[in-house]
Amino acid sequence: MNLSSLLTRAPLTALACFALFCLPLGCALSETGLEGLEDLSPDASAGGSTPLPPGGSGGGGGSGGGGGLRKAAGELCTGPAECLTGFCAQGVCCDSPCTAGCASCALAGLGGKCSPLSAGTKPLIDGTCQREQPSTCGFDGTCDGSGGCQRHVGGTPCSQGLCSAGTETPASLCNGAGVCLAQPMKSCAPYLCDTRACAAECRRNDDCTGATRCIERKCQLLDAPDVRFTLNTPIVDGLEDDVWKAVPSFPIKNLVAGAVGGPEDLTAGFKAMWTAEAFYVIVDVVDNSLRNDSPEVWQDDALQIFFDADYSRGQTYDGTDDLQYIFGWNDPAFKEAKLNRAQGVTVFSRNKQGNLGYVFEARFPWATLGAMSPSPGKRIGFQLEVDDDDQGQGTEREALVVWFGKSGEAYLRPASFGELVLTGN
C-alpha cells in the first residue's frame, strides 16, 4: 500500500492508533514507514486481545490497561473490565468468578480456568474450612483437592484409648468421612497394660501373664524343665544311685558376679524329682579350691536353693512359701533365711575324691515348702545358686553362678526365679 492510496481511505479513528503515532490523515505503524497499515483496519484482530469498541474503557483517554485491549483468560488483571471473560479473580482473567476459598484461577498451566487447590492446601479465604478438633472428625483446616474442605483423615484418633486388667480398648478412629468409629477391644496377653494401651515389652517377669517369662524384654513361654515323679524314693546320701540315672541334668552356668577360671575352677549342674511327700534335688559341683572360713556362709563355697511353691512370682517375699535355703560346703548346719522353715529337710554333702568338688543331695517335704497338694502340671518357682570362694581367709567369694537368669536378685525377688514343671512318670 502506498501513501496516496492510504490518504484516499476514510480516516482512522484515534481509537485505532493504539501504540502508534498519528499522521495528518491516519496512523503510522512505525517511525520508518507505513508497511502493514492494512492490519489496522477495523475488522482486524491481534492474538487474544480485541480492540475495545468506541466508548469503552480503553483507548486514548480511557481508563483501561493494556493500551485499550481486553485480555484473554490467564493474563494478569486488576479488574473484570480488563478481561474478555468479564471475570478477574486471584489477579488473572478467569473463566468464572472463582470465589470459593479452595479454588483459584492463578494455578500454573491452567490458563485462567478456576480449578481446585491441591489437597492439604490452606484455603485462600480466611474463615473457609475452619479447623475442628480431631474428636469431631470434622474439618482439619485445609482443602480436599476437589474444591471442598478436607476432613480429618481416616485413622486419626478421635477418643483416648483405655487399658485395664489386661484388656485394651483402643482409641476410636475417624473414618475420613466425618464419623468417629470405635475399635474392637483386645487382650494384652502375654503382656499387661501400659497406661492406656497394652505394653509392647517387659522389664521383669511380673510384666508378663500366665506361664510366660520376661526374656530379652519379650514375654515368652519358658521351656521349663520337667521334674519327674518317682515311686522309687532316693536315699539322701550324696551318691547318685540308680534312681537318678535316668533323670536329666540341668547346668548351673549363668555367671552373675566375679569370674570363673575354667571348668576345674567351677562347673555345676543339678537333677530333681518328686514324690507325693517331698521334692528331691542332687547337685554336682566341680571345684578345685574349696573354702569354709568366712563369717557369712555365702562368701565361701556354698549352695543357695530358692522355692516359690505357689508360683506367685512376687516382687518381695510373701511370708508364706517363698523360701531361701543356704548350705555351706563342709558345714553340717544350714538355715532357711526367710521363715526359718527347716522342718523335715534332710541334706547330705559328700566330697569328691581329691577334694575336687562335692555332691550335695537334699529332700524338702512339700508340707515344709507350703505346697500341700503337688500334682502333674503344677509349676513351682525355683532357683539354684553356687557361690565360689577360691582365696579363703575371710575374703569375698570369687564368683556367683546361677541356674536361671542373670539378675542375682533371688534373695530379694521371687519374681526373678526360674520355674519347674512337675510331671508324671
# chains A, B, ... in the order shown; residues from 1 in each chain; ligands from 1
$ select_by_dssp --residues "range 26-265 of chain A" --states "strand (DSSP E or B)" --output "ChimeraX atom specification"
/A:27-28,46,49-51,69-71,76,83,88-89,92-93,103-104,115-116,139-143,149-151,157,162-164,167-169,173-174,180-181,186-187,191,193-194,197-198,208,212-215,218-221,226-229,250-251,254-258
$ closest_atom_pairs --of "range 353-411 of chain A" --to "range 304-311 of chain A" --cutoff "6 Å" --atoms "only C-alpha atoms" --output "JSON lines"
{"residue": "A:Ala371", "atom": "CA", "partner": "A:Ala309", "partner_atom": "CA", "distance": 5.6}
{"residue": "A:Ile380", "atom": "CA", "partner": "A:Tyr311", "partner_atom": "CA", "distance": 5.0}
{"residue": "A:Gly381", "atom": "CA", "partner": "A:Asp308", "partner_atom": "CA", "distance": 4.4}
{"residue": "A:Phe382", "atom": "CA", "partner": "A:Phe307", "partner_atom": "CA", "distance": 4.8}
{"residue": "A:Gln383", "atom": "CA", "partner": "A:Phe306", "partner_atom": "CA", "distance": 5.0}
{"residue": "A:Leu384", "atom": "CA", "partner": "A:Ile305", "partner_atom": "CA", "distance": 4.6}
{"residue": "A:Glu385", "atom": "CA", "partner": "A:Gln304", "partner_atom": "CA", "distance": 5.1}
$ atom_distance --atom1 "CA of Pro248 in chain A" --atom2 "CA of Val281 in chain A"
11.7 Å
$ atom_distance --atom1 "CA of Asn175 in chain A" --atom2 "CA of Thr121 in chain A"
20.6 Å
$ closest_atom_pairs --of "range 175-260 of chain A" --to "range 128-137 of chain A" --cutoff "7 Å" --atoms "only C-alpha atoms" --output "Markdown table"
| residue | atom | partner | partner_atom | distance |
| --- | --- | --- | --- | --- |
| A:Gly178 | CA | A:Cys137 | CA | 4.7 |
| A:Val179 | CA | A:Cys137 | CA | 6.0 |
| A:Cys180 | CA | A:Cys137 | CA | 6.2 |
$ write_last_selection --atoms "N, CA, C and O atoms" --output "tab-separated table (two decimals), in the first residue's frame"
chain	number	residue	atom	x	y	z
A	178	GLY	N	-16.02	-38.08	58.42
A	178	GLY	CA	-16.65	-37.33	59.49
A	178	GLY	C	-17.22	-38.16	60.61
A	178	GLY	O	-17.90	-37.63	61.49
A	179	VAL	N	-16.96	-39.47	60.63
A	179	VAL	CA	-17.53	-40.36	61.64
A	179	VAL	C	-16.41	-40.93	62.51
A	179	VAL	O	-15.38	-41.37	61.99
A	180	CYS	N	-16.61	-40.92	63.83
A	180	CYS	CA	-15.65	-41.48	64.79
A	180	CYS	C	-16.09	-42.91	65.09
A	180	CYS	O	-17.17	-43.14	65.64
$ atom_distance --atom1 "CA of Asp95 in chain A" --atom2 "CA of Ser115 in chain A"
10.1 Å
$ residues_around --residues "Trp298 in chain A" --least-positions-apart "5" --cutoff "10 Å" --atoms "only C-alpha atoms" --output "list in words"
Asn292, Leu303, Gln304, Ile326, Phe327, Gly328, Trp329, Glu385, Val386, Asp387, Asp388, Asp389, Glu396, Arg397 and Leu400 of chain A
$ write_last_selection --atoms "N, CA and C atoms" --output "PDB file, in the first residue's frame"
ATOM      1  N   ASN A 292      35.836 -72.723 103.520  1.00  0.00           N
ATOM      2  CA  ASN A 292      34.777 -72.520 104.511  1.00  0.00           C
ATOM      3  C   ASN A 292      35.395 -71.799 105.696  1.00  0.00           C
ATOM      4  N   LEU A 303      25.924 -73.456  98.511  1.00  0.00           N
ATOM      5  CA  LEU A 303      24.754 -73.563  97.634  1.00  0.00           C
ATOM      6  C   LEU A 303      23.615 -72.773  98.255  1.00  0.00           C
ATOM      7  N   GLN A 304      22.821 -72.122  97.391  1.00  0.00           N
ATOM      8  CA  GLN A 304      21.596 -71.469  97.838  1.00  0.00           C
ATOM      9  C   GLN A 304      20.461 -71.975  96.956  1.00  0.00           C
ATOM     10  N   ILE A 326      20.277 -71.904 102.563  1.00  0.00           N
ATOM     11  CA  ILE A 326      21.709 -71.675 102.366  1.00  0.00           C
ATOM     12  C   ILE A 326      22.470 -72.840 102.997  1.00  0.00           C
ATOM     13  N   PHE A 327      23.306 -73.502 102.165  1.00  0.00           N
ATOM     14  CA  PHE A 327      24.072 -74.664 102.605  1.00  0.00           C
ATOM     15  C   PHE A 327      25.553 -74.393 102.343  1.00  0.00           C
ATOM     16  N   GLY A 328      26.363 -74.335 103.406  1.00  0.00           N
ATOM     17  CA  GLY A 328      27.796 -74.122 103.249  1.00  0.00           C
ATOM     18  C   GLY A 328      28.526 -75.430 103.003  1.00  0.00           C
ATOM     19  N   TRP A 329      29.559 -75.353 102.175  1.00  0.00           N
ATOM     20  CA  TRP A 329      30.359 -76.558 101.962  1.00  0.00           C
ATOM     21  C   TRP A 329      31.036 -76.970 103.274  1.00  0.00           C
ATOM     22  N   GLU A 385      21.726 -71.419  93.185  1.00  0.00           N
ATOM     23  CA  GLU A 385      22.930 -70.612  93.022  1.00  0.00           C
ATOM     24  C   GLU A 385      24.128 -71.330  93.654  1.00  0.00           C
ATOM     25  N   VAL A 386      25.287 -71.151  93.022  1.00  0.00           N
ATOM     26  CA  VAL A 386      26.528 -71.724  93.548  1.00  0.00           C
ATOM     27  C   VAL A 386      27.494 -70.583  93.836  1.00  0.00           C
ATOM     28  N   ASP A 387      27.907 -70.472  95.096  1.00  0.00           N
ATOM     29  CA  ASP A 387      28.917 -69.487  95.498  1.00  0.00           C
ATOM     30  C   ASP A 387      30.285 -70.145  95.444  1.00  0.00           C
ATOM     31  N   ASP A 388      31.279 -69.417  94.943  1.00  0.00           N
ATOM     32  CA  ASP A 388      32.621 -69.978  94.775  1.00  0.00           C
ATOM     33  C   ASP A 388      33.661 -69.073  95.441  1.00  0.00           C
ATOM     34  N   ASP A 389      34.376 -69.645  96.396  1.00  0.00           N
ATOM     35  CA  ASP A 389      35.438 -68.904  97.090  1.00  0.00           C
ATOM     36  C   ASP A 389      36.749 -69.672  96.905  1.00  0.00           C
ATOM     37  N   GLU A 396      36.063 -62.110 100.165  1.00  0.00           N
ATOM     38  CA  GLU A 396      34.783 -62.266  99.478  1.00  0.00           C
ATOM     39  C   GLU A 396      34.860 -63.380  98.435  1.00  0.00           C
ATOM     40  N   ARG A 397      33.735 -63.958  98.124  1.00  0.00           N
ATOM     41  CA  ARG A 397      33.682 -65.009  97.104  1.00  0.00           C
ATOM     42  C   ARG A 397      34.215 -64.481  95.771  1.00  0.00           C
ATOM     43  N   LEU A 400      29.801 -66.030  91.451  1.00  0.00           N
ATOM     44  CA  LEU A 400      28.438 -66.499  91.702  1.00  0.00           C
ATOM     45  C   LEU A 400      27.850 -66.924  90.369  1.00  0.00           C
TER      46      LEU A 400
END
$ closest_residue --among "A:Cys105, A:Cys98, A:Leu84, A:Ser407" --to "Arg203 in chain A" --atoms "only C-alpha atoms"
A:Ser407
$ closest_residue --among "A:Gly424, A:Pro414, A:Gly354, A:Gly109" --to "Ser375 in chain A" --atoms "only C-alpha atoms"
A:Gly424
$ select_by_dssp --residues "range 349-387 of chain A" --states "helix (DSSP H, G or I)" --output "PyMOL selection string"
chain A and resi 353-355+366-369
$ closest_residue --among "A:Arg204, A:Lys71, A:Lys253, A:Lys352" --to "Gln315 in chain A" --atoms "only C-alpha atoms"
A:Arg204
$ residues_around --residues "Val227 in chain A" --least-positions-apart "3" --cutoff "12 Å" --atoms "only C-alpha atoms" --output "ChimeraX atom specification"
/A:224,230,244,246-250,270-275,279-281,374-380,382,419-425
$ residues_around --residues "range 330-333 of chain A" --least-positions-apart "5" --cutoff "10 Å" --atoms "only C-alpha atoms" --output "list in words"
Leu290, Arg291, Asn292, Val297, Asp301, Ala302, Val347, Phe348, Ser349, Arg350, Asn351 and Tyr358 of chain A
$ write_last_selection --atoms "all heavy atoms" --output "mmCIF file, in the first residue's frame"
data_model
loop_
_atom_site.group_PDB
_atom_site.id
_atom_site.type_symbol
_atom_site.label_atom_id
_atom_site.label_comp_id
_atom_site.auth_asym_id
_atom_site.auth_seq_id
_atom_site.Cartn_x
_atom_site.Cartn_y
_atom_site.Cartn_z
ATOM 1 N N LEU A 290 38.187 -75.403 97.548
ATOM 2 C CA LEU A 290 37.004 -75.312 98.397
ATOM 3 C C LEU A 290 37.358 -74.612 99.710
ATOM 4 O O LEU A 290 38.380 -74.922 100.334
ATOM 5 C CB LEU A 290 36.441 -76.710 98.672
ATOM 6 C CG LEU A 290 35.925 -77.464 97.428
ATOM 7 C CD1 LEU A 290 35.664 -78.932 97.762
ATOM 8 C CD2 LEU A 290 34.661 -76.794 96.909
ATOM 9 N N ARG A 291 36.499 -73.665 100.120
ATOM 10 C CA ARG A 291 36.779 -72.868 101.319
ATOM 11 C C ARG A 291 35.542 -72.781 102.204
ATOM 12 O O ARG A 291 34.407 -72.746 101.734
ATOM 13 C CB ARG A 291 37.201 -71.449 100.926
ATOM 14 C CG ARG A 291 38.369 -71.377 99.940
ATOM 15 C CD ARG A 291 39.665 -71.844 100.563
ATOM 16 N NE ARG A 291 40.758 -71.801 99.582
ATOM 17 C CZ ARG A 291 42.000 -72.149 99.839
ATOM 18 N NH1 ARG A 291 42.329 -72.555 101.051
ATOM 19 N NH2 ARG A 291 42.918 -72.089 98.891
ATOM 20 N N ASN A 292 35.836 -72.723 103.520
ATOM 21 C CA ASN A 292 34.777 -72.520 104.511
ATOM 22 C C ASN A 292 35.395 -71.799 105.696
ATOM 23 O O ASN A 292 35.721 -72.411 106.724
ATOM 24 C CB ASN A 292 34.171 -73.860 104.938
ATOM 25 C CG ASN A 292 33.062 -73.687 105.975
ATOM 26 O OD1 ASN A 292 32.757 -72.576 106.384
ATOM 27 N ND2 ASN A 292 32.484 -74.794 106.401
ATOM 28 N N VAL A 297 28.141 -67.362 105.244
ATOM 29 C CA VAL A 297 28.241 -68.627 104.501
ATOM 30 C C VAL A 297 28.358 -68.384 103.007
ATOM 31 O O VAL A 297 29.144 -69.037 102.317
ATOM 32 C CB VAL A 297 27.019 -69.512 104.812
ATOM 33 C CG1 VAL A 297 27.054 -70.779 103.970
ATOM 34 C CG2 VAL A 297 26.982 -69.859 106.297
ATOM 35 N N ASP A 301 32.434 -71.261 99.697
ATOM 36 C CA ASP A 301 31.795 -72.196 98.776
ATOM 37 C C ASP A 301 30.480 -72.648 99.408
ATOM 38 O O ASP A 301 30.454 -73.165 100.542
ATOM 39 C CB ASP A 301 32.717 -73.391 98.526
ATOM 40 C CG ASP A 301 33.879 -73.020 97.618
ATOM 41 O OD1 ASP A 301 33.644 -72.891 96.399
ATOM 42 O OD2 ASP A 301 35.008 -72.825 98.131
ATOM 43 N N ALA A 302 29.403 -72.422 98.670
ATOM 44 C CA ALA A 302 28.083 -72.686 99.237
ATOM 45 C C ALA A 302 27.052 -72.870 98.123
ATOM 46 O O ALA A 302 27.295 -72.521 96.965
ATOM 47 C CB ALA A 302 27.661 -71.540 100.159
ATOM 48 N N VAL A 347 19.568 -83.286 104.388
ATOM 49 C CA VAL A 347 20.629 -82.953 103.432
ATOM 50 C C VAL A 347 21.845 -83.838 103.688
ATOM 51 O O VAL A 347 22.051 -84.352 104.800
ATOM 52 C CB VAL A 347 21.041 -81.465 103.535
ATOM 53 C CG1 VAL A 347 19.850 -80.563 103.292
ATOM 54 C CG2 VAL A 347 21.684 -81.173 104.877
ATOM 55 N N PHE A 348 22.649 -84.015 102.619
ATOM 56 C CA PHE A 348 23.911 -84.728 102.751
ATOM 57 C C PHE A 348 24.843 -84.198 101.673
ATOM 58 O O PHE A 348 24.464 -84.064 100.505
ATOM 59 C CB PHE A 348 23.728 -86.243 102.575
ATOM 60 C CG PHE A 348 24.900 -87.051 103.048
ATOM 61 C CD1 PHE A 348 24.888 -87.651 104.299
ATOM 62 C CD2 PHE A 348 26.040 -87.202 102.248
ATOM 63 C CE1 PHE A 348 25.978 -88.387 104.740
ATOM 64 C CE2 PHE A 348 27.135 -87.927 102.691
ATOM 65 C CZ PHE A 348 27.105 -88.528 103.938
ATOM 66 N N SER A 349 26.085 -83.895 102.076
ATOM 67 C CA SER A 349 27.094 -83.409 101.149
ATOM 68 C C SER A 349 28.301 -84.328 101.217
ATOM 69 O O SER A 349 28.805 -84.618 102.315
ATOM 70 C CB SER A 349 27.507 -81.975 101.495
ATOM 71 O OG SER A 349 28.472 -81.487 100.579
ATOM 72 N N ARG A 350 28.782 -84.798 100.071
ATOM 73 C CA ARG A 350 29.892 -85.740 100.017
ATOM 74 C C ARG A 350 30.982 -85.153 99.119
ATOM 75 O O ARG A 350 30.729 -84.775 97.961
ATOM 76 C CB ARG A 350 29.429 -87.078 99.460
ATOM 77 C CG ARG A 350 30.490 -88.166 99.445
ATOM 78 C CD ARG A 350 29.942 -89.414 98.779
ATOM 79 N NE ARG A 350 28.836 -89.981 99.534
ATOM 80 C CZ ARG A 350 28.951 -90.847 100.534
ATOM 81 N NH1 ARG A 350 30.167 -91.239 100.924
ATOM 82 N NH2 ARG A 350 27.876 -91.343 101.143
ATOM 83 N N ASN A 351 32.193 -85.052 99.663
ATOM 84 C CA ASN A 351 33.309 -84.534 98.879
ATOM 85 C C ASN A 351 33.746 -85.555 97.835
ATOM 86 O O ASN A 351 33.739 -86.766 98.074
ATOM 87 C CB ASN A 351 34.499 -84.201 99.773
ATOM 88 C CG ASN A 351 34.220 -83.005 100.666
ATOM 89 O OD1 ASN A 351 33.350 -82.202 100.384
ATOM 90 N ND2 ASN A 351 34.974 -82.906 101.751
ATOM 91 N N TYR A 358 32.216 -81.546 95.115
ATOM 92 C CA TYR A 358 31.345 -82.240 96.058
ATOM 93 C C TYR A 358 30.005 -82.542 95.393
ATOM 94 O O TYR A 358 29.637 -81.955 94.362
ATOM 95 C CB TYR A 358 31.146 -81.421 97.332
ATOM 96 C CG TYR A 358 30.552 -80.031 97.125
ATOM 97 C CD1 TYR A 358 29.187 -79.812 97.270
ATOM 98 C CD2 TYR A 358 31.362 -78.946 96.804
ATOM 99 C CE1 TYR A 358 28.650 -78.539 97.096
ATOM 100 C CE2 TYR A 358 30.842 -77.676 96.624
ATOM 101 C CZ TYR A 358 29.473 -77.485 96.771
ATOM 102 O OH TYR A 358 28.937 -76.224 96.595
#
$ residues_around --residues "Gln150 in chain A" --least-positions-apart "6" --cutoff "9 Å" --atoms "only C-alpha atoms" --output "PyMOL selection string"
chain A and resi 119-120+129+138-144+176
$ write_last_selection --atoms "N, CA and C atoms" --output "compact mmCIF listing (two decimals), in the first residue's frame"
# COMPACT_ATOMS: atom_id res chain seq x y z
N ALA A 119 -5.01 -30.98 47.60
CA ALA A 119 -5.36 -31.46 48.94
C ALA A 119 -4.29 -31.06 49.95
N GLY A 120 -4.72 -30.63 51.11
CA GLY A 120 -3.81 -30.22 52.16
C GLY A 120 -3.39 -28.77 52.10
N CYS A 129 -13.17 -23.43 55.72
CA CYS A 129 -12.66 -24.71 56.24
C CYS A 129 -12.03 -24.55 57.62
N GLY A 138 -14.24 -33.63 62.11
CA GLY A 138 -14.67 -32.61 61.15
C GLY A 138 -13.50 -32.10 60.32
N PHE A 139 -13.61 -30.82 59.93
CA PHE A 139 -12.61 -30.25 59.03
C PHE A 139 -11.26 -30.10 59.73
N ASP A 140 -10.19 -30.31 58.93
CA ASP A 140 -8.86 -30.19 59.51
C ASP A 140 -8.18 -28.87 59.17
N GLY A 141 -8.91 -27.96 58.51
CA GLY A 141 -8.37 -26.63 58.21
C GLY A 141 -7.74 -26.50 56.84
N THR A 142 -7.81 -27.54 56.02
CA THR A 142 -7.20 -27.49 54.69
C THR A 142 -8.23 -27.88 53.63
N CYS A 143 -7.82 -27.75 52.37
CA CYS A 143 -8.69 -28.11 51.24
C CYS A 143 -8.54 -29.59 50.92
N ASP A 144 -9.56 -30.14 50.24
CA ASP A 144 -9.56 -31.58 49.97
C ASP A 144 -9.13 -31.97 48.57
N GLY A 176 -12.57 -40.76 57.96
CA GLY A 176 -12.30 -39.91 56.82
C GLY A 176 -13.52 -39.25 56.24
$ closest_residue --among "A:Thr316, A:Asp390, A:Gly418, A:Ala81" --to "Ile215 in chain A" --atoms "only C-alpha atoms"
A:Gly418
$ closest_residue --among "A:Ala342, A:Leu412, A:Val243, A:Val402" --to "Phe229 in chain A" --atoms "only C-alpha atoms"
A:Val243
$ closest_residue --among "A:Cys193, A:Gln391, A:Asp226, A:Pro97" --to "Asp300 in chain A" --atoms "only C-alpha atoms"
A:Gln391
